[in-house]
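Chemist: Here you go, input19.cif (mmCIF, C-alpha atoms and all ligand atoms):
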data_target
loop_
_atom_site.label_atom_id
_atom_site.label_comp_id
_atom_site.auth_asym_id
_atom_site.auth_seq_id
_atom_site.Cartn_x
_atom_site.Cartn_y
_atom_site.Cartn_z
CA MET N 198 11.35 -9.27 -0.49
CA SER N 199 12.83 -11.06 -3.50
CA HIS N 200 11.71 -14.46 -2.19
CA ILE N 201 8.02 -13.53 -2.07
CA ALA N 202 7.08 -14.25 -5.70
CA ALA N 203 8.76 -17.67 -5.59
CA ASP N 204 7.28 -18.59 -2.21
CA LEU N 205 3.84 -17.49 -3.39
CA ALA N 206 4.16 -19.67 -6.48
CA ALA N 207 5.23 -22.62 -4.33
CA VAL N 208 2.22 -22.19 -2.03
CA ARG N 209 -0.13 -21.95 -5.02
CA ALA N 210 1.37 -25.13 -6.51
CA ARG N 211 0.92 -26.99 -3.21
CA MET N 212 -2.69 -25.76 -3.00
CA ASP N 213 -3.38 -27.03 -6.53
CA ASP N 214 -1.85 -30.42 -5.72
CA ALA N 215 -3.89 -30.70 -2.52
CA ALA N 216 -7.08 -29.77 -4.38
CA ARG N 217 -6.47 -32.37 -7.10
CA ALA N 218 -5.61 -35.01 -4.50
CA ALA N 219 -8.97 -34.30 -2.87
CA GLY N 220 -10.79 -34.42 -6.22
CA ARG N 221 -11.57 -30.71 -5.97
CA ASP N 222 -11.26 -27.88 -8.49
CA PRO N 223 -8.18 -25.80 -7.58
CA ALA N 224 -10.04 -22.69 -8.80
CA ALA N 225 -12.57 -23.16 -5.98
CA ILE N 226 -9.97 -22.36 -3.33
CA THR N 227 -8.85 -18.81 -2.57
CA LEU N 228 -5.46 -17.99 -1.11
CA VAL N 229 -5.62 -15.23 1.51
CA ALA N 230 -2.04 -13.97 1.88
CA VAL N 231 -1.61 -12.97 5.52
CA SER N 232 0.63 -9.91 5.60
CA LYS N 233 0.40 -9.00 9.30
CA THR N 234 3.64 -7.56 10.73
CA HIS N 235 5.12 -7.30 7.21
CA PRO N 236 5.55 -3.89 5.56
CA ALA N 237 3.61 -2.50 2.60
CA GLU N 238 6.59 -3.30 0.36
CA ALA N 239 6.06 -7.00 1.05
CA VAL N 240 2.39 -6.66 0.05
CA ARG N 241 3.52 -4.82 -3.08
CA ALA N 242 5.85 -7.69 -3.97
CA ALA N 243 2.94 -10.13 -3.66
CA LEU N 244 0.68 -7.83 -5.72
CA GLY N 245 3.41 -7.77 -8.34
CA ALA N 246 3.20 -11.57 -8.45
CA GLY N 247 -0.56 -11.42 -9.07
CA GLN N 248 -1.82 -11.93 -5.51
CA LEU N 249 -4.91 -9.76 -4.83
CA VAL N 250 -6.39 -11.19 -1.62
CA PHE N 251 -4.75 -10.29 1.70
CA GLY N 252 -5.47 -10.87 5.38
CA GLU N 253 -4.61 -8.73 8.38
CA ASN N 254 -5.43 -9.45 12.01
CA ARG N 255 -5.35 -5.94 13.49
CA VAL N 256 -7.51 -3.05 12.35
CA GLN N 257 -4.95 -0.39 13.29
CA GLU N 258 -2.12 -2.04 11.43
CA ALA N 259 -4.25 -2.57 8.33
CA LYS N 260 -5.40 1.04 8.46
CA ALA N 261 -1.78 2.21 8.38
CA LYS N 262 -0.84 -0.09 5.51
CA PHE N 263 -3.72 -0.65 3.12
CA PRO N 264 -5.67 2.49 2.13
CA GLU N 265 -2.89 3.58 -0.21
CA LEU N 266 -2.50 0.09 -1.68
CA LYS N 267 -6.26 -0.21 -2.19
CA ALA N 268 -6.32 3.10 -4.04
CA GLU N 269 -3.55 1.90 -6.27
CA PHE N 270 -4.97 -1.63 -6.78
CA PRO N 271 -8.79 -1.34 -6.86
CA GLU N 272 -9.17 -5.12 -7.15
CA LEU N 273 -7.31 -5.74 -3.90
CA GLU N 274 -9.53 -7.63 -1.43
CA LEU N 275 -8.74 -7.27 2.27
CA HIS N 276 -9.87 -9.73 4.96
CA LEU N 277 -9.96 -9.08 8.70
CA ILE N 278 -8.91 -12.35 10.33
CA GLY N 279 -8.24 -11.18 13.89
CA PRO N 280 -10.52 -10.37 16.81
CA LEU N 281 -12.70 -7.28 16.39
CA GLN N 282 -13.51 -4.91 19.25
CA SER N 283 -16.77 -2.97 19.12
CA ASN N 284 -14.91 0.35 19.11
CA LYS N 285 -13.09 -0.68 15.89
CA VAL N 286 -16.20 -1.68 13.96
CA ARG N 287 -16.43 1.64 12.14
CA ASP N 288 -12.86 1.44 10.87
CA ALA N 289 -13.27 -2.23 10.01
CA VAL N 290 -16.38 -1.66 7.89
CA ALA N 291 -14.68 1.23 6.11
CA LEU N 292 -11.54 -0.73 5.25
CA PHE N 293 -12.19 -4.47 4.97
CA ASP N 294 -13.97 -6.33 2.17
CA VAL N 295 -14.44 -9.46 4.26
CA ILE N 296 -14.71 -9.68 8.06
CA GLU N 297 -13.97 -13.25 9.15
CA SER N 298 -14.10 -12.86 12.92
CA ILE N 299 -17.66 -12.14 14.07
CA ASP N 300 -18.17 -14.27 17.16
CA ARG N 301 -20.89 -12.80 19.38
CA PRO N 302 -24.38 -11.32 19.04
CA LYS N 303 -23.38 -7.92 20.42
CA LEU N 304 -20.65 -7.57 17.80
CA ALA N 305 -23.05 -8.71 15.07
CA ARG N 306 -25.41 -5.98 16.18
CA SER N 307 -22.70 -3.27 16.10
CA LEU N 308 -21.70 -4.49 12.67
CA ALA N 309 -25.28 -4.40 11.36
CA ASP N 310 -25.71 -0.85 12.73
CA GLU N 311 -22.49 0.34 11.11
CA ILE N 312 -23.29 -1.31 7.77
CA ALA N 313 -26.65 0.48 7.75
CA ARG N 314 -25.00 3.78 8.69
CA ALA N 315 -22.08 3.58 6.26
CA GLY N 316 -23.84 1.82 3.39
CA ARG N 317 -20.79 -0.38 2.89
CA HIS N 318 -21.33 -4.15 2.97
CA PRO N 319 -18.29 -6.23 3.81
CA ARG N 320 -18.83 -9.97 3.42
CA ILE N 321 -19.16 -11.73 6.77
CA LEU N 322 -17.82 -14.95 8.25
CA LEU N 323 -18.35 -16.18 11.80
CA GLN N 324 -15.34 -17.41 13.75
CA VAL N 325 -15.84 -20.71 15.57
CA ASN N 326 -13.61 -21.73 18.47
CA THR N 327 -13.53 -25.38 17.42
CA GLY N 328 -11.05 -26.30 20.17
CA ARG N 329 -13.10 -24.51 22.87
CA GLU N 330 -9.89 -22.78 23.99
CA PRO N 331 -10.65 -20.19 26.68
CA GLN N 332 -8.00 -17.73 25.46
CA LYS N 333 -9.13 -17.86 21.85
CA ALA N 334 -11.77 -15.80 20.07
CA GLY N 335 -14.68 -17.50 18.34
CA ILE N 336 -18.12 -18.79 19.22
CA ASP N 337 -18.40 -22.16 20.95
CA PRO N 338 -19.19 -24.82 18.31
CA ASP N 339 -22.40 -25.71 20.18
CA GLN N 340 -23.61 -22.12 19.85
CA ALA N 341 -22.60 -21.57 16.24
CA ASP N 342 -25.96 -22.50 14.68
CA ALA N 343 -27.73 -20.10 17.04
CA LEU N 344 -25.32 -17.26 16.17
CA VAL N 345 -25.88 -17.86 12.44
CA THR N 346 -29.64 -17.60 13.05
CA VAL N 347 -29.35 -14.44 15.15
CA CYS N 348 -27.16 -12.78 12.52
CA ARG N 349 -29.57 -13.67 9.76
CA GLU N 350 -32.95 -13.19 11.39
CA GLN N 351 -32.35 -10.51 13.97
CA TYR N 352 -29.64 -8.40 12.31
CA HIS N 353 -30.26 -9.26 8.62
CA LEU N 354 -26.58 -9.87 8.05
CA ARG N 355 -25.65 -11.94 5.01
CA VAL N 356 -23.35 -14.45 6.63
CA GLU N 357 -21.35 -16.23 3.92
CA GLY N 358 -19.35 -18.72 5.93
CA LEU N 359 -17.22 -19.76 8.88
CA MET N 360 -13.61 -19.44 9.99
CA CYS N 361 -11.57 -21.35 12.57
CA ILE N 362 -8.07 -21.46 14.04
CA PRO N 363 -7.46 -24.95 15.48
CA PRO N 364 -5.35 -25.36 18.63
CA ALA N 365 -1.63 -24.87 17.95
CA GLU N 366 -0.86 -28.39 19.18
CA GLY N 367 -2.39 -31.60 17.92
CA ASP N 368 -4.11 -32.79 14.76
CA PRO N 369 -6.07 -29.99 13.08
CA ALA N 370 -8.12 -32.42 10.94
CA PRO N 371 -11.00 -32.96 13.42
CA HIS N 372 -11.34 -29.17 13.73
CA PHE N 373 -11.50 -28.72 9.97
CA LYS N 374 -14.06 -31.50 9.74
CA LEU N 375 -16.20 -29.93 12.45
CA LEU N 376 -16.11 -26.48 10.84
CA ALA N 377 -17.08 -27.90 7.44
CA GLU N 378 -19.99 -29.77 9.05
CA ILE N 379 -21.32 -26.68 10.81
CA ALA N 380 -21.05 -24.71 7.54
CA ALA N 381 -22.83 -27.40 5.54
CA ARG N 382 -25.78 -27.77 7.90
CA ASN N 383 -26.26 -23.99 7.91
CA GLY N 384 -26.06 -23.69 4.13
CA LEU N 385 -22.86 -21.64 4.28
CA ALA N 386 -20.63 -21.81 1.20
CA VAL N 387 -17.42 -20.29 2.57
CA VAL N 388 -15.09 -22.23 4.88
CA SER N 389 -11.91 -20.37 5.88
CA MET N 390 -9.38 -22.73 7.45
CA GLY N 391 -5.77 -23.80 7.08
CA MET N 392 -2.55 -21.82 7.63
CA SER N 393 1.09 -22.32 6.60
CA GLY N 394 1.47 -25.54 8.56
CA ASP N 395 -1.77 -27.25 7.61
CA PHE N 396 -3.43 -25.72 4.55
CA GLU N 397 -3.19 -28.94 2.54
CA THR N 398 -5.08 -30.82 5.26
CA ALA N 399 -7.68 -28.04 5.32
CA ILE N 400 -8.15 -28.29 1.55
CA GLY N 401 -8.68 -32.02 1.99
CA HIS N 402 -11.53 -31.18 4.37
CA GLY N 403 -13.24 -28.66 2.15
CA ALA N 404 -11.59 -25.28 2.81
CA THR N 405 -12.69 -22.64 0.30
CA HIS N 406 -10.19 -20.12 1.73
CA VAL N 407 -6.77 -20.81 3.23
CA ARG N 408 -4.95 -18.08 5.18
CA VAL N 409 -1.22 -18.37 4.66
CA GLY N 410 1.34 -15.97 6.11
CA SER N 411 4.81 -17.20 6.99
CA ALA N 412 5.10 -19.62 4.03
CA ILE N 413 4.80 -16.56 1.76
CA PHE N 414 6.24 -13.62 3.65
CA GLY N 415 8.69 -15.35 5.99
CA THR N 416 8.79 -15.45 9.77
CA ARG N 417 7.22 -12.63 11.75
CA ASP N 418 9.00 -10.35 14.17
CA TYR N 419 6.77 -10.61 17.23
CA ALA N 420 8.95 -8.20 19.13
CA ALA N 421 7.67 -5.48 16.81
CA THR N 422 4.02 -6.50 16.65
CA THR N 423 2.00 -8.99 18.64
CA SER N 424 -0.48 -11.33 17.05
C1 LIG N 501 -1.31 -15.16 11.38
C2 LIG N 501 -2.56 -15.85 10.99
C3 LIG N 501 -2.58 -16.75 9.90
C4 LIG N 501 -1.34 -17.13 9.10
O1 LIG N 501 -0.50 -17.92 9.86
P1 LIG N 501 0.82 -18.59 9.23
O2 LIG N 501 1.09 -19.73 10.11
O3 LIG N 501 1.87 -17.56 9.23
O4 LIG N 501 0.47 -19.02 7.85
C5 LIG N 501 -3.79 -17.32 9.56
N1 LIG N 501 -4.92 -17.03 10.23
C6 LIG N 501 -4.95 -16.18 11.27
C7 LIG N 501 -6.23 -15.90 11.96
C8 LIG N 501 -3.78 -15.56 11.68
O5 LIG N 501 -3.81 -14.70 12.72
#
Give the structure from this file in structure tokens form.
Ligand SMILES: *Cc1c(COP(=O)(O)O)cnc(C)c1O

Modeler:
Amino acid sequence: MSHIAADLAAVRARMDDAARAAGRDPAAITLVAVSKTHPAEAVRAALGAGQLVFGENRVQEAKAKFPELKAEFPELELHLIGPLQSNKVRDAVALFDVIESIDRPKLARSLADEIARAGRHPRILLQVNTGREPQKAGIDPDQADALVTVCREQYHLRVEGLMCIPPAEGDPAPHFKLLAEIAARNGLAVVSMGMSGDFETAIGHGATHVRVGSAIFGTRDYAATTS
């Protein structure tokens, strides 16, 4: 755990450099520290170094780890960055401050129903499958505008932005560019893109949020938890 503060500082410094290189204000970019598969003590170490925004990709894992931390650190902001099943919507609305992975009308509807029922309003991003990968979550880029409209007009959801995970292989830049374009033409301010391997490129293409895990917390043990 002792490396976390230093690695966090290094990531923040690289983010600031990338922002300046792109002529952007470093303060306009939020670091989401992705703590999936890492224990609560790792999150605590990051909190101790001033990090308040965290991302988890599984509702169950976050539910086991974060309620206690959120009680202790009321300013902690938790993002859901992984796929959401309809039967987990209730838990997700109760726990997360931002849900980044809405990708279909039916899920938007469940979310709207639960928000109305619970009276809790997590901020919402739509996930776009920019690489049109069949195994990956996210709305097809050609259907993204329509999903934004359905969320807004039919379900009265306040969509704030978009998220993408480019294909693991190849240049991520065209994917970042595409996501930023879709966000801009829909008047969406938040663009969540860029991970440990490519967050500087994402910042160059307008990311407002980068989601960085392994560069902060170290490698993940996938034998223990799957992504
Ligand atoms: C795991 C994950 C990340 C962080 O990935 P790293 O390469 O460890 O930085 C970012 N976004 C999503 C959606 C993830 O599942």

Chemist: Name the residues, by chain letter and number, that sit within 8 Å of ligand LIG 501 (chain N) using only C-alpha atoms and all ligand atoms, and give them as a PDB file with C-alpha atoms, in the frame of the given file.

Modeler:
ATOM      1  CA  ALA N 230      -2.040 -13.970   1.880  1.00  0.00           C
ATOM      2  CA  VAL N 231      -1.610 -12.970   5.520  1.00  0.00           C
ATOM      3  CA  LYS N 233       0.400  -9.000   9.300  1.00  0.00           C
ATOM      4  CA  GLY N 252      -5.470 -10.870   5.380  1.00  0.00           C
ATOM      5  CA  GLU N 253      -4.610  -8.730   8.380  1.00  0.00           C
ATOM      6  CA  ASN N 254      -5.430  -9.450  12.010  1.00  0.00           C
ATOM      7  CA  ILE N 278      -8.910 -12.350  10.330  1.00  0.00           C
ATOM      8  CA  GLY N 279      -8.240 -11.180  13.890  1.00  0.00           C
ATOM      9  CA  CYS N 361     -11.570 -21.350  12.570  1.00  0.00           C
ATOM     10  CA  ILE N 362      -8.070 -21.460  14.040  1.00  0.00           C
ATOM     11  CA  MET N 390      -9.380 -22.730   7.450  1.00  0.00           C
ATOM     12  CA  GLY N 391      -5.770 -23.800   7.080  1.00  0.00           C
ATOM     13  CA  MET N 392      -2.550 -21.820   7.630  1.00  0.00           C
ATOM     14  CA  SER N 393       1.090 -22.320   6.600  1.00  0.00           C
ATOM     15  CA  GLY N 394       1.470 -25.540   8.560  1.00  0.00           C
ATOM     16  CA  VAL N 407      -6.770 -20.810   3.230  1.00  0.00           C
ATOM     17  CA  ARG N 408      -4.950 -18.080   5.180  1.00  0.00           C
ATOM     18  CA  VAL N 409      -1.220 -18.370   4.660  1.00  0.00           C
ATOM     19  CA  GLY N 410       1.340 -15.970   6.110  1.00  0.00           C
ATOM     20  CA  SER N 411       4.810 -17.200   6.990  1.00  0.00           C
ATOM     21  CA  ALA N 412       5.100 -19.620   4.030  1.00  0.00           C
ATOM     22  CA  ILE N 413       4.800 -16.560   1.760  1.00  0.00           C
ATOM     23  CA  GLY N 415       8.690 -15.350   5.990  1.00  0.00           C
ATOM     24  CA  THR N 416       8.790 -15.450   9.770  1.00  0.00           C
ATOM     25  CA  ARG N 417       7.220 -12.630  11.750  1.00  0.00           C
ATOM     26  CA  SER N 424      -0.480 -11.330  17.050  1.00  0.00           C
TER      27      SER N 424
END

Chemist: Between N:Pro369, N:Asp222, N:Leu275, N:Ala268, which one has atoms that come closest to N:Phe396, using all atoms listed in the file?

Modeler: N:Pro369

Chemist: Give as a PyMOL selection string the set of residues within 12 Å of the point (-4.7, -30.2, 3.0), where distances use the file's coordinates and only C-alpha atoms.

Modeler: chain N and resi 208+211-221+223+226+369-370+373-374+390-407

Chemist: Kindly indicate which residue among N:Leu266, N:Ile201, N:Ile336, N:Val250 lies nearest to N:Pro280, using only C-alpha atoms for the distances.

Modeler: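 Using only C-alpha atoms, N:Pro280 sits closest to N:Ile336.
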
Chemist: Taking into account all atoms listed in the file, which residue in the set N:Ala343, N:Val387, N:Gly247, N:Asp418 is nearest to N:Ala225?

Modeler: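 For N:Ala225, the nearest of the given residues is N:Val387.
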
Chemist: Counting all atoms listed in the file, give me one row per residue of stretch 228-344 of chain N with an atom at most 8 Å from an atom of stretch 355-359 of chain N, showing the shortest contact pair and its distance in Å to one decimal, sorted by chain then residue number, as JSON lines.

Modeler:
{"residue": "N:Glu297", "atom": "CA", "partner": "N:Leu359", "partner_atom": "CA", "distance": 7.3}
{"residue": "N:Arg320", "atom": "CA", "partner": "N:Glu357", "partner_atom": "CA", "distance": 6.8}
{"residue": "N:Ile321", "atom": "CA", "partner": "N:Val356", "partner_atom": "CA", "distance": 5.0}
{"residue": "N:Leu322", "atom": "CA", "partner": "N:Gly358", "partner_atom": "CA", "distance": 4.7}
{"residue": "N:Leu323", "atom": "CA", "partner": "N:Leu359", "partner_atom": "CA", "distance": 4.8}
{"residue": "N:Gln324", "atom": "CA", "partner": "N:Leu359", "partner_atom": "CA", "distance": 5.7}
{"residue": "N:Val325", "atom": "CA", "partner": "N:Leu359", "partner_atom": "CA", "distance": 6.9}

Chemist: Would you mind listing what lies within 10 Å of N:Lys260 as a VMD selection string, with only C-alpha atoms counted and same-chain residues fewer than 2 positions away left out?

Modeler: chain N and resid 253 255 to 258 262 to 265 288 to 289 291 to 293

Chemist: Reconstruct N, CA, C and O atoms of stretch 376-401 of chain N from the incomplete input and present them as a short mmCIF file (atom, residue, chain, number, x, y, z; two decimals), in the coordinates of the input.

Modeler:
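Contents of the output file selection.cif:
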data_model
loop_
_atom_site.label_atom_id
_atom_site.label_comp_id
_atom_site.auth_asym_id
_atom_site.auth_seq_id
_atom_site.Cartn_x
_atom_site.Cartn_y
_atom_site.Cartn_z
N LEU N 376 -15.73 -27.77 11.43
CA LEU N 376 -16.11 -26.48 10.84
C LEU N 376 -16.88 -26.69 9.53
O LEU N 376 -17.91 -26.04 9.29
N ALA N 377 -16.40 -27.62 8.71
CA ALA N 377 -17.08 -27.90 7.44
C ALA N 377 -18.49 -28.43 7.68
O ALA N 377 -19.43 -28.09 6.95
N GLU N 378 -18.66 -29.23 8.72
CA GLU N 378 -19.99 -29.77 9.05
C GLU N 378 -20.94 -28.66 9.48
O GLU N 378 -22.10 -28.63 9.06
N ILE N 379 -20.45 -27.77 10.34
CA ILE N 379 -21.32 -26.68 10.81
C ILE N 379 -21.72 -25.79 9.63
O ILE N 379 -22.87 -25.37 9.51
N ALA N 380 -20.75 -25.54 8.73
CA ALA N 380 -21.05 -24.71 7.54
C ALA N 380 -22.10 -25.39 6.68
O ALA N 380 -23.09 -24.76 6.27
N ALA N 381 -21.92 -26.68 6.43
CA ALA N 381 -22.83 -27.40 5.54
C ALA N 381 -24.25 -27.40 6.09
O ALA N 381 -25.21 -27.13 5.36
N ARG N 382 -24.40 -27.66 7.39
CA ARG N 382 -25.78 -27.77 7.90
C ARG N 382 -26.46 -26.41 8.01
O ARG N 382 -27.67 -26.33 8.17
N ASN N 383 -25.67 -25.33 7.91
CA ASN N 383 -26.26 -23.99 7.91
C ASN N 383 -26.32 -23.38 6.50
O ASN N 383 -26.63 -22.20 6.36
N GLY N 384 -26.00 -24.18 5.51
CA GLY N 384 -26.06 -23.69 4.13
C GLY N 384 -25.06 -22.60 3.83
O GLY N 384 -25.34 -21.69 3.03
N LEU N 385 -23.89 -22.66 4.46
CA LEU N 385 -22.86 -21.64 4.28
C LEU N 385 -21.79 -22.13 3.31
O LEU N 385 -21.20 -23.20 3.51
N ALA N 386 -21.52 -21.36 2.28
CA ALA N 386 -20.63 -21.81 1.20
C ALA N 386 -19.15 -21.62 1.50
O ALA N 386 -18.30 -22.31 0.95
N VAL N 387 -18.83 -20.65 2.37
CA VAL N 387 -17.42 -20.29 2.57
C VAL N 387 -16.88 -20.93 3.85
O VAL N 387 -17.49 -20.82 4.92
N VAL N 388 -15.74 -21.60 3.73
CA VAL N 388 -15.09 -22.23 4.88
C VAL N 388 -13.63 -21.81 4.87
O VAL N 388 -12.84 -22.24 4.03
N SER N 389 -13.26 -20.92 5.81
CA SER N 389 -11.91 -20.37 5.88
C SER N 389 -11.11 -21.12 6.94
O SER N 389 -11.36 -20.96 8.14
N MET N 390 -10.18 -21.96 6.50
CA MET N 390 -9.38 -22.73 7.45
C MET N 390 -8.12 -23.23 6.77
O MET N 390 -8.09 -23.45 5.57
N GLY N 391 -7.06 -23.37 7.59
CA GLY N 391 -5.77 -23.80 7.08
C GLY N 391 -4.81 -22.63 7.04
O GLY N 391 -5.15 -21.56 6.54
N MET N 392 -3.60 -22.84 7.60
CA MET N 392 -2.55 -21.82 7.63
C MET N 392 -1.27 -22.46 7.06
O MET N 392 -1.33 -23.53 6.48
N SER N 393 -0.13 -21.81 7.25
CA SER N 393 1.09 -22.32 6.60
C SER N 393 1.35 -23.79 6.91
O SER N 393 1.78 -24.54 6.03
N GLY N 394 1.10 -24.19 8.15
CA GLY N 394 1.47 -25.54 8.56
C GLY N 394 0.47 -26.62 8.19
O GLY N 394 0.78 -27.82 8.30
N ASP N 395 -0.73 -26.22 7.78
CA ASP N 395 -1.77 -27.25 7.61
C ASP N 395 -2.78 -26.96 6.50
O ASP N 395 -3.86 -27.53 6.48
N PHE N 396 -2.41 -26.09 5.55
CA PHE N 396 -3.43 -25.72 4.55
C PHE N 396 -3.80 -26.87 3.62
O PHE N 396 -4.93 -26.95 3.14
N GLU N 397 -2.85 -27.81 3.41
CA GLU N 397 -3.19 -28.94 2.54
C GLU N 397 -4.24 -29.84 3.20
O GLU N 397 -5.17 -30.30 2.55
N THR N 398 -4.07 -30.05 4.52
CA THR N 398 -5.08 -30.82 5.26
C THR N 398 -6.43 -30.13 5.20
O THR N 398 -7.47 -30.77 5.01
N ALA N 399 -6.42 -28.80 5.35
CA ALA N 399 -7.68 -28.04 5.32
C ALA N 399 -8.37 -28.17 3.96
O ALA N 399 -9.59 -28.32 3.88
N ILE N 400 -7.58 -28.14 2.90
CA ILE N 400 -8.15 -28.29 1.55
C ILE N 400 -8.77 -29.67 1.41
O ILE N 400 -9.85 -29.82 0.84
N GLY N 401 -8.12 -30.66 1.99
CA GLY N 401 -8.68 -32.02 1.99
C GLY N 401 -10.01 -32.12 2.70
O GLY N 401 -10.81 -33.02 2.43
#
